[in-house]
>>> print(open('data20.tsv').read())   # TSV, C-alpha atoms
chain	number	residue	atom	x	y	z
A	26	MET	CA	65.16	7.41	-55.77
A	27	VAL	CA	61.84	8.63	-54.44
A	28	LYS	CA	61.34	12.38	-54.82
A	29	PRO	CA	60.83	14.32	-51.55
A	30	ALA	CA	57.21	15.00	-52.48
A	31	GLY	CA	56.62	11.25	-52.63
A	32	LEU	CA	57.67	10.94	-49.02
A	33	LEU	CA	55.51	13.82	-47.81
A	34	SER	CA	52.27	13.37	-49.74
A	35	ASN	CA	49.42	10.86	-49.77
A	36	ARG	CA	50.03	9.83	-46.20
A	37	TYR	CA	47.61	7.24	-44.89
A	38	LYS	CA	46.30	8.23	-41.48
A	39	VAL	CA	44.88	5.98	-38.79
A	40	GLU	CA	41.51	7.71	-39.11
A	41	ASP	CA	41.45	6.66	-42.77
A	42	MET	CA	41.60	2.99	-41.81
A	43	PRO	CA	38.43	0.91	-41.58
A	44	ASP	CA	37.36	-0.83	-38.40
A	45	LEU	CA	39.45	-4.00	-38.01
A	46	SER	CA	37.53	-5.61	-35.16
A	47	GLY	CA	37.68	-9.37	-35.48
A	48	LYS	CA	40.69	-9.30	-37.81
A	49	VAL	CA	43.94	-11.03	-36.91
A	50	ALA	CA	47.39	-9.76	-37.91
A	51	VAL	CA	50.95	-11.03	-37.68
A	52	VAL	CA	53.52	-8.21	-37.82
A	53	THR	CA	57.26	-8.80	-37.61
A	54	GLY	CA	59.38	-6.11	-35.98
A	55	GLY	CA	56.47	-4.79	-33.95
A	56	SER	CA	58.41	-3.03	-31.20
A	57	ARG	CA	60.35	-0.48	-33.21
A	58	GLY	CA	59.96	1.98	-36.08
A	59	ILE	CA	57.55	1.10	-38.88
A	60	GLY	CA	56.51	-2.09	-37.10
A	61	GLU	CA	55.59	-0.25	-33.92
A	62	ALA	CA	53.61	2.30	-35.93
A	63	ALA	CA	51.74	-0.56	-37.59
A	64	VAL	CA	51.06	-2.13	-34.19
A	65	SER	CA	49.70	1.15	-32.86
A	66	ALA	CA	47.40	1.64	-35.85
A	67	LEU	CA	46.10	-1.92	-35.75
A	68	VAL	CA	45.45	-1.73	-32.02
A	69	GLN	CA	43.56	1.52	-32.42
A	70	LYS	CA	41.37	-0.13	-35.04
A	71	GLY	CA	40.63	-3.19	-32.94
A	72	CYS	CA	42.75	-5.72	-34.80
A	73	GLN	CA	43.86	-8.83	-32.95
A	74	GLY	CA	47.54	-9.32	-33.57
A	75	LYS	CA	50.66	-11.39	-33.19
A	76	TYR	CA	53.67	-9.11	-33.46
A	77	ILE	CA	57.00	-10.78	-34.15
A	78	GLU	CA	60.49	-9.33	-34.47
A	79	LEU	CA	62.96	-11.52	-36.33
A	80	GLU	CA	66.21	-10.93	-34.50
A	81	PHE	CA	68.27	-12.90	-32.01
A	82	ASP	CA	67.30	-14.04	-28.49
A	83	LEU	CA	63.91	-12.36	-28.51
A	84	ILE	CA	61.36	-11.91	-25.77
A	85	CYS	CA	57.68	-12.26	-26.64
A	86	LEU	CA	55.20	-9.98	-24.91
A	87	THR	CA	51.54	-10.88	-24.90
A	88	VAL	CA	49.39	-7.82	-24.41
A	89	SER	CA	45.60	-7.73	-24.21
A	90	CYS	CA	43.92	-4.39	-24.83
A	91	ASP	CA	40.58	-5.65	-23.60
A	92	ALA	CA	38.71	-8.92	-23.27
A	93	ASP	CA	38.31	-9.21	-27.04
A	94	VAL	CA	41.56	-7.83	-28.45
A	95	LEU	CA	44.88	-9.61	-27.93
A	96	VAL	CA	48.29	-8.36	-29.06
A	97	HIS	CA	51.49	-10.40	-29.08
A	98	VAL	CA	54.76	-8.49	-29.34
A	99	ILE	CA	58.26	-9.94	-29.67
A	100	SER	CA	61.14	-7.62	-28.88
A	101	ALA	CA	64.90	-8.04	-28.84
A	102	THR	CA	65.61	-6.37	-25.47
A	103	GLU	CA	63.84	-5.55	-22.25
A	104	ASP	CA	64.10	-1.83	-23.04
A	105	HIS	CA	62.28	-2.41	-26.32
A	106	GLN	CA	59.67	-4.47	-24.52
A	107	GLN	CA	58.93	-1.77	-22.00
A	108	GLU	CA	58.88	0.98	-24.59
A	109	ALA	CA	56.39	-1.02	-26.66
A	110	ILE	CA	54.23	-1.61	-23.57
A	111	ASP	CA	54.34	2.07	-22.68
A	112	ASN	CA	53.35	3.12	-26.18
A	113	ILE	CA	50.53	0.58	-26.42
A	114	SER	CA	49.34	1.60	-22.95
A	115	LYS	CA	48.67	5.11	-24.25
A	116	LEU	CA	46.04	3.53	-26.47
A	117	ALA	CA	44.99	0.73	-24.11
A	118	PRO	CA	45.67	1.61	-20.44
A	119	ASN	CA	45.04	-1.94	-19.19
A	120	ALA	CA	47.63	-3.51	-21.52
A	121	PRO	CA	50.39	-3.97	-18.87
A	122	LYS	CA	48.09	-6.16	-16.79
A	123	LEU	CA	48.07	-8.89	-19.42
A	124	ILE	CA	51.69	-9.45	-20.44
A	125	THR	CA	53.41	-12.82	-20.86
A	126	THR	CA	57.03	-13.24	-21.97
A	127	HIS	CA	58.49	-16.06	-24.06
A	128	ALA	CA	62.17	-16.46	-24.94
A	129	VAL	CA	63.04	-17.70	-28.44
A	130	ASP	CA	66.12	-17.49	-30.66
A	131	LEU	CA	64.86	-16.60	-34.13
A	132	GLY	CA	68.35	-16.68	-35.56
A	133	SER	CA	67.85	-20.45	-35.86
A	134	LEU	CA	65.39	-21.87	-38.36
A	135	HIS	CA	64.99	-25.07	-36.35
A	136	LYS	CA	63.54	-22.88	-33.57
A	137	LEU	CA	61.64	-20.52	-35.84
A	138	ILE	CA	59.78	-23.23	-37.76
A	139	PRO	CA	58.12	-24.97	-34.76
A	140	LEU	CA	57.33	-21.55	-33.25
A	141	VAL	CA	55.44	-20.41	-36.35
A	142	LYS	CA	53.76	-23.80	-36.83
A	143	ASP	CA	52.51	-23.63	-33.25
A	144	LEU	CA	51.31	-20.07	-33.84
A	145	SER	CA	49.46	-21.14	-36.98
A	146	SER	CA	47.79	-24.03	-35.18
A	147	LYS	CA	46.46	-21.67	-32.50
A	148	LEU	CA	45.11	-19.04	-34.89
A	149	ASP	CA	41.46	-19.29	-35.86
A	150	ARG	CA	42.15	-16.92	-38.75
A	151	LEU	CA	44.86	-14.69	-40.20
A	152	ASP	CA	43.91	-11.60	-42.20
A	153	ILE	CA	47.18	-9.65	-42.37
A	154	LEU	CA	50.80	-10.80	-42.49
A	155	HIS	CA	53.06	-7.72	-42.29
A	156	LEU	CA	56.70	-8.70	-42.85
A	157	ASN	CA	58.66	-5.73	-41.58
A	158	ALA	CA	61.49	-6.81	-39.26
A	159	GLY	CA	65.09	-7.00	-40.32
A	160	VAL	CA	68.76	-6.17	-39.88
A	161	GLY	CA	69.56	-2.64	-41.02
A	162	VAL	CA	72.78	-1.35	-42.55
A	163	ALA	CA	74.79	-3.30	-40.02
A	164	PRO	CA	78.03	-5.31	-40.07
A	165	PHE	CA	78.03	-8.78	-41.59
A	166	GLY	CA	77.61	-11.70	-39.23
A	167	LEU	CA	76.46	-15.30	-39.22
A	168	THR	CA	73.30	-16.62	-37.59
A	169	ASN	CA	73.31	-19.78	-35.49
A	170	ASP	CA	72.51	-21.66	-38.70
A	171	GLY	CA	75.71	-20.36	-40.26
A	172	LEU	CA	73.93	-18.05	-42.70
A	173	GLY	CA	74.63	-14.41	-43.44
A	174	ASN	CA	72.53	-12.29	-41.08
A	175	HIS	CA	71.00	-9.95	-43.67
A	176	TYR	CA	69.98	-12.81	-45.94
A	177	ALA	CA	68.75	-15.07	-43.14
A	178	ILE	CA	66.77	-12.52	-41.14
A	179	ASN	CA	65.59	-9.97	-43.70
A	180	TYR	CA	64.59	-12.54	-46.31
A	181	LEU	CA	64.78	-16.22	-45.40
A	182	SER	CA	63.01	-15.95	-42.03
A	183	HIS	CA	60.16	-14.05	-43.66
A	184	LEU	CA	59.98	-16.61	-46.46
A	185	VAL	CA	59.61	-19.37	-43.87
A	186	LEU	CA	56.98	-17.38	-42.00
A	187	ALA	CA	54.96	-16.73	-45.14
A	188	ASP	CA	55.24	-20.34	-46.29
A	189	ILE	CA	53.88	-21.68	-43.01
A	190	LEU	CA	51.17	-19.05	-42.50
A	191	THR	CA	49.84	-18.74	-46.06
A	192	PRO	CA	47.55	-21.79	-45.75
A	193	LYS	CA	45.89	-20.15	-42.74
A	194	MET	CA	45.37	-17.00	-44.79
A	195	ILE	CA	43.88	-18.98	-47.68
A	196	GLU	CA	41.55	-20.69	-45.24
A	197	THR	CA	40.55	-17.30	-43.82
A	198	SER	CA	39.74	-15.98	-47.27
A	199	LYS	CA	37.70	-19.06	-48.21
A	200	ASN	CA	35.65	-18.77	-45.02
A	201	ALA	CA	35.03	-15.03	-45.45
A	202	THR	CA	32.01	-13.46	-47.09
A	203	GLY	CA	31.59	-10.37	-49.24
A	204	ASP	CA	34.56	-8.06	-49.64
A	205	ASP	CA	36.37	-9.74	-46.74
A	206	LYS	CA	37.31	-12.52	-49.17
A	207	TYR	CA	39.62	-10.03	-50.87
A	208	ASN	CA	40.97	-8.29	-47.78
A	209	VAL	CA	43.41	-11.02	-46.68
A	210	ARG	CA	46.91	-9.82	-47.52
A	211	ILE	CA	50.67	-10.14	-47.13
A	212	VAL	CA	52.59	-6.85	-46.79
A	213	LEU	CA	56.35	-6.66	-47.36
A	214	GLU	CA	58.58	-3.77	-46.30
A	215	SER	CA	61.21	-3.22	-48.95
A	216	SER	CA	63.31	-0.08	-49.49
A	217	GLU	CA	64.41	2.26	-52.25
A	218	LEU	CA	67.90	1.16	-51.26
A	219	HIS	CA	67.27	-2.04	-53.20
A	220	ARG	CA	68.42	0.02	-56.19
A	221	GLY	CA	71.90	-0.04	-54.70
A	222	ALA	CA	72.12	-3.84	-54.61
A	223	PRO	CA	75.04	-5.48	-56.45
A	224	SER	CA	74.32	-5.94	-60.15
A	225	ASP	CA	75.79	-9.45	-60.22
A	226	VAL	CA	73.42	-11.11	-57.71
A	227	ALA	CA	73.02	-14.78	-58.71
A	228	CYS	CA	71.29	-16.32	-55.65
A	229	GLU	CA	72.90	-19.64	-56.46
A	230	SER	CA	74.76	-20.61	-53.29
A	231	VAL	CA	75.08	-20.20	-49.55
A	232	ALA	CA	78.65	-19.07	-50.15
A	233	GLU	CA	77.33	-16.06	-52.08
A	234	MET	CA	74.95	-15.14	-49.23
A	235	ASN	CA	77.74	-15.59	-46.70
A	236	GLU	CA	80.23	-13.27	-48.39
A	237	ASP	CA	80.86	-10.01	-46.56
A	238	ILE	CA	80.34	-7.43	-49.30
A	239	GLY	CA	79.87	-4.51	-46.92
A	240	ALA	CA	76.99	-3.48	-44.67
A	241	ALA	CA	75.22	-1.23	-47.18
A	242	ARG	CA	75.38	-3.68	-50.07
A	243	LEU	CA	74.24	-6.55	-47.83
A	244	TYR	CA	71.21	-4.55	-46.73
A	245	ASN	CA	70.46	-3.32	-50.26
A	246	ARG	CA	70.59	-6.89	-51.59
A	247	SER	CA	68.24	-8.16	-48.90
A	248	LYS	CA	65.74	-5.45	-49.85
A	249	LEU	CA	66.06	-6.49	-53.51
A	250	PHE	CA	65.01	-10.00	-52.48
A	251	GLU	CA	61.87	-8.57	-50.85
>>> encode(input="data20.tsv", output="structure tokens")
Amino acid sequence: MVKPAGLLSNRYKVEDMPDLSGKVAVVTGGSRGIGEAAVSALVQKGCQGKYIELEFDLICLTVSCDADVLVHVISATEDHQQEAIDNISKLAPNAPKLITTHAVDLGSLHKLIPLVKDLSSKLDRLDILHLNAGVGVAPFGLTNDGLGNHYAINYLSHLVLADILTPKMIETSKNATGDDKYNVRIVLESSELHRGAPSDVACESVAEMNEDIGAARLYNRSKLFE
């Protein structure tokens, strides 16, 4: 496990970040926790973003901080939506004036895939893909596709997202000049809890992913996959 000092030292502050004006980011889980913190930092640095939370029956919020910076946030509940708007408004007071909602069930791949393809087709560029959203140490359940929730949401949905959006990122890198060619990136949020994953993971069948092995072990295994 990480030593306490590792959690308290070498913290990266917003003021340490370079100007991100003109950059475009996609962040999953952008209305809570680490994802919300990432959203806040990116907004402060002028990054244009699409913020997506991979859970069930989500509402998408489109927020514009000014005429040049757009932010798209997807949140699971209205409370989360409003909290995200309130937090972003502290950085960009005019954000609530430019909000659009879109309902989508991301527990179903047949809905997720066209959503992400449409997003990719509308993006002129994509510099950052931050894959953060997921089910925590929560009870086992099945998605609408009949897949285990931890596997489907924490891993498979992100795999689909990355697969569809990577070509846009490659295109962005090829069209960039100077150091920007090397600044396009995919960021994954894993966890030290991956060390507690079952030692007999085979990843050979849906039946394995759909077995209820307990909330903690399901979460730990999903973090091992990341």
>>> closest_residue(input="data20.tsv", among="A:Asn169, A:Thr191, A:Ser224, A:Asn235", to="Val141 of chain A", atoms="only C-alpha atoms")
A:Thr191
>>> axis_aligned_box(input="data20.tsv", around="segment 179-193 of chain A", padding_each_side="3 Å", output="lines of an AutoDock Vina configuration file")
center_x = 55.7
center_y = -15.9
center_z = -44.2
size_x = 25.7
size_y = 17.8
size_z = 10.5
>>> closest_residue(input="data20.tsv", among="A:Ser114, A:Gly203, A:Leu190, A:Gly173", to="Leu144 of chain A", atoms="only C-alpha atoms")
A:Leu190
>>> residues_around(input="data20.tsv", residues="segment 210-215 of chain A", least_positions_apart="6", cutoff="8 Å", atoms="only C-alpha atoms", output="number ranges by chain")
A: 152-157, 194, 248-249, 251
>>> closest_residue(input="data20.tsv", among="A:Glu236, A:Glu196, A:Asp44, A:Asp143", to="Gly171 of chain A", atoms="only C-alpha atoms")
A:Glu236
>>> atom_distance(input="data20.tsv", atom1="atom CA of Asp41 of chain A", atom2="atom CA of Ile59 of chain A")
17.5 Å
>>> closest_residue(input="data20.tsv", among="A:His175, A:Leu181, A:Phe165, A:Asp225", to="Ile238 of chain A", atoms="only C-alpha atoms")
A:Phe165
>>> atom_distance(input="data20.tsv", atom1="atom CA of Val226 of chain A", atom2="atom CA of Tyr244 of chain A")
13.0 Å
>>> atom_distance(input="data20.tsv", atom1="atom CA of Ser247 of chain A", atom2="atom CA of Lys142 of chain A")
24.5 Å
